[in-house]
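*Asks:* So that you have it, the file is structure.txt, and it contains compact mmCIF, C-alpha atoms:
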# COMPACT_ATOMS: atom_id res chain seq x y z
CA MET F 1 100.35 113.62 159.02
CA ASN F 2 101.60 113.88 155.41
CA ALA F 3 100.49 117.50 155.20
CA PHE F 4 102.42 118.26 158.36
CA LEU F 5 105.51 116.46 157.07
CA GLY F 6 105.25 118.44 153.82
CA ARG F 7 105.40 121.68 155.82
CA VAL F 8 108.40 120.53 157.83
CA MET F 9 110.73 119.19 155.13
CA PRO F 10 112.59 121.64 152.89
CA ARG F 11 111.75 121.47 149.18
CA GLN F 12 115.39 120.72 148.28
CA TYR F 13 115.16 117.47 150.26
CA GLU F 14 112.15 116.34 148.23
CA HIS F 15 113.97 117.10 144.97
CA ARG F 16 117.09 115.22 146.12
CA LEU F 17 115.03 112.21 147.14
CA LYS F 18 113.27 112.13 143.78
CA LEU F 19 116.61 112.58 142.01
CA GLU F 20 118.07 109.60 143.86
CA ASN F 21 115.05 107.47 142.99
CA ALA F 22 115.31 108.44 139.33
CA ALA F 23 119.07 107.82 139.29
CA ALA F 24 118.63 104.38 140.83
CA GLU F 25 116.33 103.45 137.93
CA TRP F 26 117.94 105.58 135.22
CA SER F 27 117.90 102.66 132.77
CA ARG F 28 114.10 102.66 133.05
CA VAL F 29 114.11 106.32 131.97
CA VAL F 30 116.63 106.30 129.09
CA GLY F 31 117.24 102.61 128.41
CA PRO F 32 120.13 100.39 129.52
CA VAL F 33 122.64 101.46 126.87
CA LEU F 34 122.35 105.21 127.50
CA ALA F 35 122.02 104.67 131.25
CA GLY F 36 125.42 102.97 131.25
CA GLN F 37 126.94 106.09 129.71
CA SER F 38 125.07 108.84 131.56
CA ALA F 39 123.62 109.81 134.92
CA PRO F 40 121.39 112.51 136.41
CA VAL F 41 123.49 114.48 138.86
CA ASP F 42 121.55 117.55 140.01
CA VAL F 43 118.24 119.36 139.89
CA SER F 44 117.72 123.08 140.34
CA ASP F 45 114.70 125.25 139.54
CA ARG F 46 112.99 122.38 137.69
CA GLU F 47 116.08 121.87 135.52
CA LEU F 48 117.63 118.39 135.53
CA LEU F 49 121.37 118.22 134.93
CA VAL F 50 122.54 115.01 133.24
CA VAL F 51 126.17 114.08 132.61
CA ALA F 52 126.93 112.07 129.46
CA GLU F 53 130.24 110.36 128.70
CA THR F 54 130.46 111.40 125.04
CA PRO F 55 129.04 114.08 122.74
CA LEU F 56 127.10 111.36 120.87
CA VAL F 57 125.35 110.22 124.07
CA ALA F 58 124.71 113.85 125.01
CA ASN F 59 123.10 114.45 121.60
CA LEU F 60 120.89 111.36 121.92
CA LEU F 61 119.80 112.39 125.41
CA SER F 62 119.08 115.94 124.20
CA MET F 63 116.72 114.52 121.60
CA MET F 64 115.02 112.50 124.36
CA ALA F 65 114.66 115.44 126.78
CA GLY F 66 110.88 115.61 126.44
CA ASN F 67 110.51 111.87 127.02
CA ILE F 68 112.85 112.04 130.01
CA ALA F 69 110.78 114.81 131.61
CA HIS F 70 107.55 112.92 130.89
CA THR F 71 108.86 109.64 132.36
CA LEU F 72 110.12 111.39 135.49
CA GLN F 73 106.71 113.03 135.96
CA GLU F 74 104.85 109.79 135.34
CA CYS F 75 106.96 107.50 137.53
CA TRP F 76 108.07 109.75 140.39
CA ARG F 77 105.90 112.91 140.09
CA PHE F 78 109.16 114.72 139.44
CA GLU F 79 108.29 117.93 137.59
CA ILE F 80 111.09 118.89 135.22
CA GLU F 81 110.75 121.74 132.73
CA LYS F 82 114.21 121.49 131.18
CA VAL F 83 116.83 118.77 130.81
CA LYS F 84 120.37 120.08 130.49
CA ILE F 85 122.97 117.65 129.14
CA VAL F 86 126.69 118.17 129.66
CA VAL F 87 129.60 116.01 128.56
CA GLY F 88 131.73 114.73 131.40
CA ARG F 89 132.39 111.79 133.63
CA PRO F 90 129.21 110.40 135.23
CA PRO F 91 129.40 109.31 138.89
CA LEU F 92 130.17 105.68 139.56
CA LYS F 93 127.06 103.52 139.28
CA SER F 94 128.15 101.29 142.15
CA GLN F 95 127.59 104.14 144.60
CA GLY F 96 123.84 103.80 144.07
CA ARG F 97 123.42 107.57 144.29
CA ALA F 98 122.81 110.26 141.73
CA TYR F 99 125.70 112.35 142.99
CA ALA F 100 128.88 111.83 144.95
CA GLN F 101 128.35 112.38 148.66
CA PRO F 102 130.97 114.55 150.31
CA LYS F 103 132.19 113.38 153.67
CA SER F 104 129.85 114.96 156.14
CA SER F 105 130.80 116.84 159.23
CA PRO F 106 128.60 117.05 162.31
CA VAL F 107 125.71 119.51 162.14
CA TRP F 108 125.01 121.33 165.39
CA VAL F 109 121.44 122.43 165.91
CA LYS F 110 120.63 125.30 168.26
CA GLU F 111 118.30 124.16 171.01
CA GLU F 112 116.49 127.51 170.99
CA ASP F 113 115.63 126.99 167.30
CA VAL F 114 114.18 123.58 168.10
CA GLN F 115 112.10 125.00 170.96
CA ASN F 116 110.79 127.88 168.81
CA LEU F 117 109.80 125.52 166.01
CA ALA F 118 108.15 123.11 168.45
CA ARG F 119 106.18 125.95 170.02
CA ASN F 120 104.96 127.05 166.58
CA TYR F 121 103.93 123.49 165.66
CA LEU F 122 102.01 123.04 168.91
CA GLU F 123 100.11 126.27 168.21
CA THR F 124 99.16 125.25 164.67
CA SER F 125 98.66 121.50 165.30
CA PRO F 126 97.73 121.00 168.97
CA GLU F 127 96.41 117.47 168.30
CA LEU F 128 99.94 116.09 167.72
CA PRO F 129 101.82 114.53 170.65
CA GLU F 130 104.61 116.65 172.06
CA ASP F 131 107.33 114.08 171.36
CA VAL F 132 106.33 113.95 167.68
CA VAL F 133 106.31 117.74 167.47
CA GLU F 134 109.74 117.93 169.08
CA SER F 135 111.10 115.33 166.67
CA PHE F 136 109.74 117.23 163.67
CA ALA F 137 111.10 120.49 165.05
CA ARG F 138 114.54 118.95 165.55
CA LEU F 139 114.44 117.49 162.03
CA GLN F 140 113.46 120.82 160.47
CA ALA F 141 116.15 122.65 162.45
CA PHE F 142 118.70 120.10 161.25
CA PHE F 143 117.69 120.50 157.59
CA ALA F 144 117.58 124.29 157.87
CA THR F 145 121.08 124.29 159.36
CA ARG F 146 122.49 121.66 156.98
CA PHE F 147 120.89 122.84 153.73
CA GLY F 148 119.95 126.44 154.55
CA GLY F 149 116.56 128.07 154.46
CA LYS F 150 113.26 126.24 154.15
Could you write out this file's structure as structure tokens?

*Replies:*
Amino acid sequence: MNAFLGRVMPRQYEHRLKLENAAAEWSRVVGPVLAGQSAPVDVSDRELLVVAETPLVANLLSMMAGNIAHTLQECWRFEIEKVKIVVGRPPLKSQGRAYAQPKSSPVWVKEEDVQNLARNYLETSPELPEDVVESFARLQAFFATRFGGK
């Protein structure tokens, strides 16, 4: 089932989920003092973007970049090749998220996309129940529409 789920979910979703987990425990990664003055905000092409409140904090985090990448790999299997530090205003910690969520608007999924995906899943994994396949197809269509691509 996990292999099937891995095929269905877009890679960006996995990175966002790992980013949120790391942000929730950022003090475990960089320590409580630096965590209070910084936050991971984005990940793209194995590059983690971290916002630091001051140039001093940014410099300290830059020196810790290798340790940050190692801790993320060890704790969350989050493969980071580069840590980019910028000076700015980190998101509010009380939000409990690594990045500010924009207000979402409804996402409309085309029924024909769902049916095509379900048909493909049934061909490749005929042992799965039809309701599960339809749910996965609907979920993948939603993510493809909401986040684009696979």

*Asks:* With a distance cut-off of 9 Å and only C-alpha atoms, select the neighbouring residues of Glu79 of chain F, excluding the residue or stretch itself and same-chain residues fewer than 5 positions from it, and output the selection as a ChimeraX atom specification.

*Replies:* /F:46-47,69-70,72-73

*Asks:* Tell me which residues come within 6 Å of (128.8, 109.8, 136.1), as an mmCIF file with C-alpha atoms, in the frame of the given file, counting all atoms listed in the file in the file's coordinates.

*Replies:*
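Saved the output as result30.cif:
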data_model
loop_
_atom_site.group_PDB
_atom_site.id
_atom_site.type_symbol
_atom_site.label_atom_id
_atom_site.label_comp_id
_atom_site.auth_asym_id
_atom_site.auth_seq_id
_atom_site.Cartn_x
_atom_site.Cartn_y
_atom_site.Cartn_z
ATOM 1 C CA SER F 38 125.070 108.840 131.560
ATOM 2 C CA ALA F 39 123.620 109.810 134.920
ATOM 3 C CA ARG F 89 132.390 111.790 133.630
ATOM 4 C CA PRO F 90 129.210 110.400 135.230
ATOM 5 C CA PRO F 91 129.400 109.310 138.890
ATOM 6 C CA LEU F 92 130.170 105.680 139.560
#

*Asks:* Which of these residues is nearest to Ala144 of chain F, using all atoms listed in the file: F:Gly66, F:Pro32, F:Leu60, F:Leu117?

*Replies:* F:Leu117

*Asks:* Any idea what the distance is between atom CA of Ile85 of chain F and atom CA of Phe143 of chain F?

*Replies:*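 Those two atoms sit 29.1 Å apart.
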
*Asks:* Take atom CA of Asp131 of chain F and atom CA of Gly148 of chain F and report the distance between them in Å, one decimal.

*Replies:*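 Separation of atom CA of Asp131 of chain F and atom CA of Gly148 of chain F: 24.4 Å.
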
*Asks:* Under the rule that only C-alpha atoms are counted, which of F:Leu19, F:Pro129, F:Leu49, F:Val107 is the nearest residue to Phe147 of chain F?

*Replies:*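 Distance minimum relative to Phe147 of chain F lands on F:Val107.
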
*Asks:* Please measure the separation of atom CA of Leu56 of chain F and atom CA of Arg28 of chain F, giving the value in Å to one decimal.

*Replies:*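 Atom-to-atom, atom CA of Leu56 of chain F to atom CA of Arg28 of chain F, that is 19.8 Å.
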
*Asks:* Up to 12 Å from (109.5, 115.1, 140.4) in the file's coordinates: name the residues, counting only C-alpha atoms, as a count of residues only.

*Replies:* 32

*Asks:* Excluding Leu61 of chain F and any residue of its chain fewer than 2 positions from it, enumerate the residues within 12 Å of it, using only C-alpha atoms, and give them as number ranges by chain.

*Replies:* F: 29-31, 33-35, 37-40, 48-59, 63-69, 83-87

*Asks:* Set up a box along x, y and z of the file covering all listed atoms of segment 56-68 of chain F, add 5 Å on every one of the six sides, and write the centre and edge lengths in Å to one decimal, as AutoDock Vina command-line options.

*Replies:*
--center_x 118.8 --center_y 113.1 --center_z 125.4 --size_x 26.6 --size_y 15.7 --size_z 19.1

*Asks:* Show me, as an NGL selection string, the residues that have an atom within 12 Å of Pro106 of chain F when counting all atoms listed in the file, minus same-chain residues fewer than 6 positions from it.

*Replies:* :F and (142 or 145-146)

*Asks:* Skipping near chain neighbours, those fewer than 3 positions away, what residues fall within 12 Å of Glu130 of chain F using all atoms listed in the file, listed as a list in words?

*Replies:*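 The contact residues come out as Gln115, Leu117, Ala118, Arg119, Asn120, Tyr121, Leu122, Glu123, Ser125, Pro126, Glu127, Val133, Glu134, Ser135, Phe136 and Ala137 of chain F.
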
*Asks:* Write the residues of the selection above to a file with C-alpha atoms, as a PDB file, keeping the file's coordinate frame.

*Replies:*
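Saved result, again01.pdb, follows:
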ATOM      1  CA  GLN F 115     112.100 125.000 170.960  1.00  0.00           C
ATOM      2  CA  LEU F 117     109.800 125.520 166.010  1.00  0.00           C
ATOM      3  CA  ALA F 118     108.150 123.110 168.450  1.00  0.00           C
ATOM      4  CA  ARG F 119     106.180 125.950 170.020  1.00  0.00           C
ATOM      5  CA  ASN F 120     104.960 127.050 166.580  1.00  0.00           C
ATOM      6  CA  TYR F 121     103.930 123.490 165.660  1.00  0.00           C
ATOM      7  CA  LEU F 122     102.010 123.040 168.910  1.00  0.00           C
ATOM      8  CA  GLU F 123     100.110 126.270 168.210  1.00  0.00           C
ATOM      9  CA  SER F 125      98.660 121.500 165.300  1.00  0.00           C
ATOM     10  CA  PRO F 126      97.730 121.000 168.970  1.00  0.00           C
ATOM     11  CA  GLU F 127      96.410 117.470 168.300  1.00  0.00           C
ATOM     12  CA  VAL F 133     106.310 117.740 167.470  1.00  0.00           C
ATOM     13  CA  GLU F 134     109.740 117.930 169.080  1.00  0.00           C
ATOM     14  CA  SER F 135     111.100 115.330 166.670  1.00  0.00           C
ATOM     15  CA  PHE F 136     109.740 117.230 163.670  1.00  0.00           C
ATOM     16  CA  ALA F 137     111.100 120.490 165.050  1.00  0.00           C
TER      17      ALA F 137
END
